[in-house]
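Asks: Sharing run03.cif, mmCIF, C-alpha atoms:
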```cif
data_protein
#
loop_
_atom_site.label_atom_id
_atom_site.label_comp_id
_atom_site.auth_asym_id
_atom_site.auth_seq_id
_atom_site.Cartn_x
_atom_site.Cartn_y
_atom_site.Cartn_z
CA MET D 213 98.85 145.97 141.32
CA ARG D 214 100.38 142.81 142.75
CA ARG D 215 98.24 139.70 142.95
CA GLU D 216 96.35 138.84 146.12
CA MET D 217 98.03 136.30 148.38
CA ASP D 218 96.52 133.49 150.38
CA PHE D 219 96.84 133.66 154.15
CA VAL D 220 95.26 132.25 157.29
CA LEU D 221 94.53 133.79 160.66
CA ARG D 222 95.67 131.46 163.43
CA LYS D 223 96.63 131.35 167.06
CA TRP D 224 100.11 132.50 167.96
CA GLU D 225 102.84 129.95 168.62
CA LYS D 226 106.08 130.44 170.51
CA SER D 227 107.94 129.41 167.37
CA ASP D 228 106.65 132.57 165.62
CA ALA D 229 109.13 134.72 167.54
CA HIS D 230 111.83 134.61 164.85
CA SER D 231 109.57 135.89 162.09
CA VAL D 232 108.00 138.55 164.35
CA ALA D 233 111.45 139.84 165.31
CA ARG D 234 112.53 139.94 161.67
CA TYR D 235 109.44 141.66 160.26
CA ILE D 236 108.60 144.20 162.95
CA ASN D 237 112.22 145.33 163.19
CA ASN D 238 111.45 147.72 160.32
CA HIS D 239 111.05 151.46 160.69
CA ASP D 240 108.51 151.60 157.83
CA VAL D 241 106.27 149.22 159.82
CA GLN D 242 106.86 150.74 163.25
CA LYS D 243 106.30 154.35 162.18
CA TRP D 244 102.56 153.61 161.91
CA LEU D 245 102.27 151.85 165.28
CA ARG D 246 101.82 153.24 168.76
CA ASP D 247 104.91 153.83 170.85
CA GLY D 248 106.11 151.13 173.17
CA LEU D 249 107.83 148.86 170.70
CA PRO D 250 111.59 148.89 171.02
CA PHE D 251 113.75 149.61 168.00
CA PRO D 252 115.73 147.66 167.18
CA TYR D 253 113.25 144.88 167.92
CA THR D 254 114.96 141.71 169.13
CA LEU D 255 114.07 138.05 169.36
CA GLU D 256 113.61 138.52 173.11
CA ASP D 257 111.10 141.32 172.44
CA ALA D 258 109.18 138.99 170.13
CA VAL D 259 109.12 136.21 172.74
CA VAL D 260 107.69 138.63 175.31
CA PHE D 261 105.06 139.85 172.81
CA ILE D 262 103.92 136.31 172.00
CA GLU D 263 104.02 134.90 175.53
CA ASP D 264 102.88 137.89 177.61
CA MET D 265 100.44 139.56 175.23
CA CYS D 266 99.16 137.03 172.71
CA LEU D 267 99.11 133.73 174.57
CA ALA D 268 98.22 135.26 177.95
CA ALA D 269 95.37 137.46 176.64
CA ASP D 270 91.90 136.86 178.07
CA PRO D 271 89.99 135.20 175.19
CA LYS D 272 86.69 136.48 176.62
CA LYS D 273 87.83 140.07 175.93
CA ASN D 274 90.59 139.86 173.34
CA ILE D 275 91.26 138.12 170.05
CA MET D 276 94.91 138.14 168.99
CA LEU D 277 95.86 136.20 165.87
CA ALA D 278 98.88 135.73 163.67
CA ILE D 279 98.60 136.44 159.97
CA ASP D 280 100.23 133.39 158.38
CA VAL D 281 101.47 133.16 154.81
CA ASP D 282 102.98 129.83 153.78
CA GLY D 283 103.48 128.72 157.38
CA GLU D 284 105.16 131.93 158.56
CA ALA D 285 103.73 134.64 160.81
CA VAL D 286 104.03 137.83 158.74
CA GLY D 287 101.74 140.07 160.76
CA SER D 288 99.42 140.43 163.70
CA ILE D 289 95.78 141.40 164.09
CA GLY D 290 93.72 141.81 167.21
CA VAL D 291 90.42 143.05 168.58
CA PHE D 292 90.40 144.29 172.18
CA GLN D 293 87.13 144.81 174.04
CA LYS D 294 86.99 147.95 176.14
CA ASP D 295 85.50 148.28 179.62
CA ASN D 296 83.36 150.56 181.73
CA ILE D 297 80.95 152.64 179.62
CA TYR D 298 82.81 151.50 176.47
CA CYS D 299 82.20 147.80 177.15
CA LYS D 300 80.22 147.28 173.91
CA SER D 301 83.12 148.63 171.83
CA ALA D 302 86.37 147.00 170.82
CA GLU D 303 89.53 148.40 169.27
CA LEU D 304 91.12 146.87 166.19
CA GLY D 305 94.89 146.85 165.80
CA TYR D 306 97.16 145.28 163.21
CA TRP D 307 100.50 145.30 161.44
CA LEU D 308 101.81 143.47 158.39
CA ALA D 309 105.35 142.82 157.18
CA GLU D 310 106.33 145.23 154.42
CA PRO D 311 106.96 142.57 151.73
CA TYR D 312 103.26 141.67 151.97
CA TRP D 313 101.82 145.18 151.61
CA GLY D 314 99.51 145.78 148.65
CA ARG D 315 98.46 142.14 148.33
CA GLY D 316 94.94 142.44 149.75
CA ILE D 317 95.88 140.49 152.87
CA MET D 318 95.03 143.07 155.51
CA THR D 319 91.61 144.06 154.14
CA ARG D 320 90.56 140.41 154.12
CA ALA D 321 92.13 139.81 157.55
CA VAL D 322 90.20 142.77 158.99
CA ARG D 323 86.93 141.42 157.59
CA GLN D 324 87.64 137.96 159.00
CA ILE D 325 88.60 139.06 162.50
CA CYS D 326 85.63 141.43 162.69
CA ASN D 327 83.28 138.54 161.87
CA VAL D 328 84.92 136.44 164.60
CA ALA D 329 84.79 139.34 167.09
CA PHE D 330 81.12 140.13 166.51
CA ASP D 331 80.30 136.42 166.87
CA SER D 332 82.36 135.79 170.01
CA LEU D 333 82.53 139.08 171.96
CA ASP D 334 79.59 140.97 173.42
CA ILE D 335 80.15 144.07 171.27
CA VAL D 336 78.27 146.22 168.77
CA ARG D 337 81.16 148.37 167.51
CA ILE D 338 84.76 147.89 166.38
CA PHE D 339 86.92 150.96 165.90
CA ALA D 340 90.42 151.76 164.68
CA GLU D 341 92.50 154.93 164.96
CA PRO D 342 95.12 155.15 162.20
CA PHE D 343 97.32 158.19 161.74
CA ALA D 344 95.76 160.49 159.15
CA GLU D 345 98.90 160.23 156.98
CA ASN D 346 98.70 156.41 156.91
CA ALA D 347 96.92 156.14 153.57
CA GLY D 348 97.44 152.37 153.38
CA SER D 349 95.75 151.64 156.68
CA ARG D 350 92.93 154.05 155.96
CA LYS D 351 92.31 152.31 152.62
CA VAL D 352 92.27 148.91 154.37
CA LEU D 353 89.59 150.10 156.78
CA GLN D 354 87.47 151.71 154.07
CA ASN D 355 87.70 148.59 151.89
CA ALA D 356 86.73 146.44 154.88
CA GLY D 357 83.52 148.43 155.38
CA PHE D 358 84.60 150.79 158.15
CA ARG D 359 83.25 154.34 158.09
CA LEU D 360 85.31 157.44 158.83
CA GLU D 361 83.68 159.08 161.85
CA GLY D 362 86.09 161.97 162.11
CA ILE D 363 89.59 163.33 162.17
CA ALA D 364 91.12 164.37 165.48
CA GLU D 365 93.45 167.24 164.71
CA ARG D 366 96.90 167.23 166.28
CA SER D 367 95.90 164.34 168.52
CA VAL D 368 98.97 162.09 168.45
CA TYR D 369 102.69 162.56 168.90
CA LYS D 370 105.02 160.21 167.05
CA GLU D 371 108.67 160.54 166.10
CA GLY D 372 108.89 164.16 167.24
CA ARG D 373 105.83 165.31 165.30
CA VAL D 374 102.28 166.16 166.32
CA GLN D 375 99.93 164.51 163.83
CA ASP D 376 96.24 164.04 163.13
CA SER D 377 94.52 160.72 163.71
CA CYS D 378 91.31 159.29 162.32
CA MET D 379 88.44 157.43 163.91
CA TYR D 380 87.02 154.62 161.80
CA ALA D 381 84.28 152.29 163.00
CA PHE D 382 82.22 149.33 161.94
CA VAL D 383 78.91 149.20 163.80
CA ILE D 384 76.27 146.46 163.80
#
```
Write the structure described by the file as structure tokens, please.

Replies:
Amino acid sequence: MRREMDFVLRKWEKSDAHSVARYINNHDVQKWLRDGLPFPYTLEDAVVFIEDMCLAADPKKNIMLAIDVDGEAVGSIGVFQKDNIYCKSAELGYWLAEPYWGRGIMTRAVRQICNVAFDSLDIVRIFAEPFAENAGSRKVLQNAGFRLEGIAERSVYKEGRVQDSCMYAFVI
């Protein structure tokens, strides 16, 4: 196993666009994410992501942070509060650049952002829905204290395949 790496969670900056474009323009990263991201992923796509999603997000309902290693944004993590009857729940989403996989970064980042979310948002539950085949993400959630609530069979369609997804949650 590779050694754990130091990182910080921080607010996004416009200057992060170059590293976002470089790291998310990777099929091995994108194959585990929801559709909607272009491939190839350009610098312009990264600018839109940072400006229109991260910096413009309502901080009363959303927390979107960069995962920074040695001054470079190498991933993203966010918690997004739901509305209507789901208003006490929030969804967790994240991605990490492939060179940083297996270093313990994401498990610790998930724990940190969940602490921030429970302290700053009016929620009692944070959930995540990884693809069932995404063993790495499932391990992250389990190691961060999330509990598997169930597997939704044939619930998602990605890259021409119907796949299962999982529901993990951390409840206070």

Asks: For the structure provided, state which residues fall under the PyMOL selection byres ((chain D and resi 301-318) around 8), and present them as a PyMOL selection string.

Replies: chain D and resi 213-219+235-236+240-241+245+279+286-294+298-300+319-322+335-340+352

Asks: List the spatial neighbours of range 366-369 of chain D as a short mmCIF file (atom, residue, chain, number, x, y, z; two decimals) with C-alpha atoms, in the frame of the given file - criterion: any atom at most 12 Å away, only C-alpha atoms, same-chain residues fewer than 5 positions off excluded.

Replies:
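Below is the file that was written, selection.cif:
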```cif
data_model
loop_
_atom_site.label_atom_id
_atom_site.label_comp_id
_atom_site.auth_asym_id
_atom_site.auth_seq_id
_atom_site.Cartn_x
_atom_site.Cartn_y
_atom_site.Cartn_z
CA LYS D 243 106.30 154.35 162.18
CA TRP D 244 102.56 153.61 161.91
CA LEU D 245 102.27 151.85 165.28
CA ARG D 246 101.82 153.24 168.76
CA ASP D 247 104.91 153.83 170.85
CA GLU D 341 92.50 154.93 164.96
CA PRO D 342 95.12 155.15 162.20
CA PHE D 343 97.32 158.19 161.74
CA ALA D 344 95.76 160.49 159.15
CA GLU D 345 98.90 160.23 156.98
CA VAL D 374 102.28 166.16 166.32
CA GLN D 375 99.93 164.51 163.83
CA ASP D 376 96.24 164.04 163.13
CA SER D 377 94.52 160.72 163.71
CA CYS D 378 91.31 159.29 162.32
CA MET D 379 88.44 157.43 163.91
#
```

Asks: What's the separation between CA of Val260 in chain D and CA of Val281 in chain D, in Å to one decimal place?

Replies: 22.1 Å

Asks: So, counting all atoms listed in the file, which residue among D:Val232, D:Ala381, D:Glu361, D:Val328 is closest to Asp280 in chain D?

Replies: D:Val232

Asks: For a cutoff of 7 Å around the file-coordinate point (110.4, 141.9, 165.7), which residues qualify once you count all atoms listed in the file? I'd like the result as a ChimeraX atom specification.

Replies: /D:232-237,253-255,257-258

Asks: Those same residues - C-alpha atoms - I'd like them written as a JSON list (two decimals), in the frame of the given file.

Replies:
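Result file out35.json:
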```
[["chain", "number", "residue", "atom", "x", "y", "z"],
["D", 232, "VAL", "CA", 108.00, 138.55, 164.35],
["D", 233, "ALA", "CA", 111.45, 139.84, 165.31],
["D", 234, "ARG", "CA", 112.53, 139.94, 161.67],
["D", 235, "TYR", "CA", 109.44, 141.66, 160.26],
["D", 236, "ILE", "CA", 108.60, 144.20, 162.95],
["D", 237, "ASN", "CA", 112.22, 145.33, 163.19],
["D", 253, "TYR", "CA", 113.25, 144.88, 167.92],
["D", 254, "THR", "CA", 114.96, 141.71, 169.13],
["D", 255, "LEU", "CA", 114.07, 138.05, 169.36],
["D", 257, "ASP", "CA", 111.10, 141.32, 172.44],
["D", 258, "ALA", "CA", 109.18, 138.99, 170.13]]
```

Asks: One decimal, Å: what's the distance from CA of Phe330 in chain D over to CA of Trp224 in chain D, could you say?

Replies: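 Those two atoms sit 20.5 Å apart.
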
Asks: So how far away is CA of Lys272 in chain D from CA of Asp228 in chain D, in Å?

Replies: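 Going from CA of Asp228 in chain D over to CA of Lys272 in chain D covers 23.1 Å.
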
Asks: For Glu284 in chain D, which residue out of D:Gly357, D:Ser227, D:Val383, D:Ile363 is the nearest one, using all atoms listed in the file?

Replies: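 Of the candidates, the smallest distance to Glu284 in chain D is held by D:Ser227.
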
Asks: Between D:Arg222, D:Met276, D:Asn296, D:His239, single out the one closest to Glu371 in chain D, counting all atoms listed in the file.

Replies: D:His239

Asks: Just say which residues the PyMOL selection byres ((chain D and resi 358) around 6) picks in this file, as a list in words.

Replies: Leu353, Gln354, Ala356, Gly357, Arg359, Tyr380, Ala381 and Phe382 of chain D
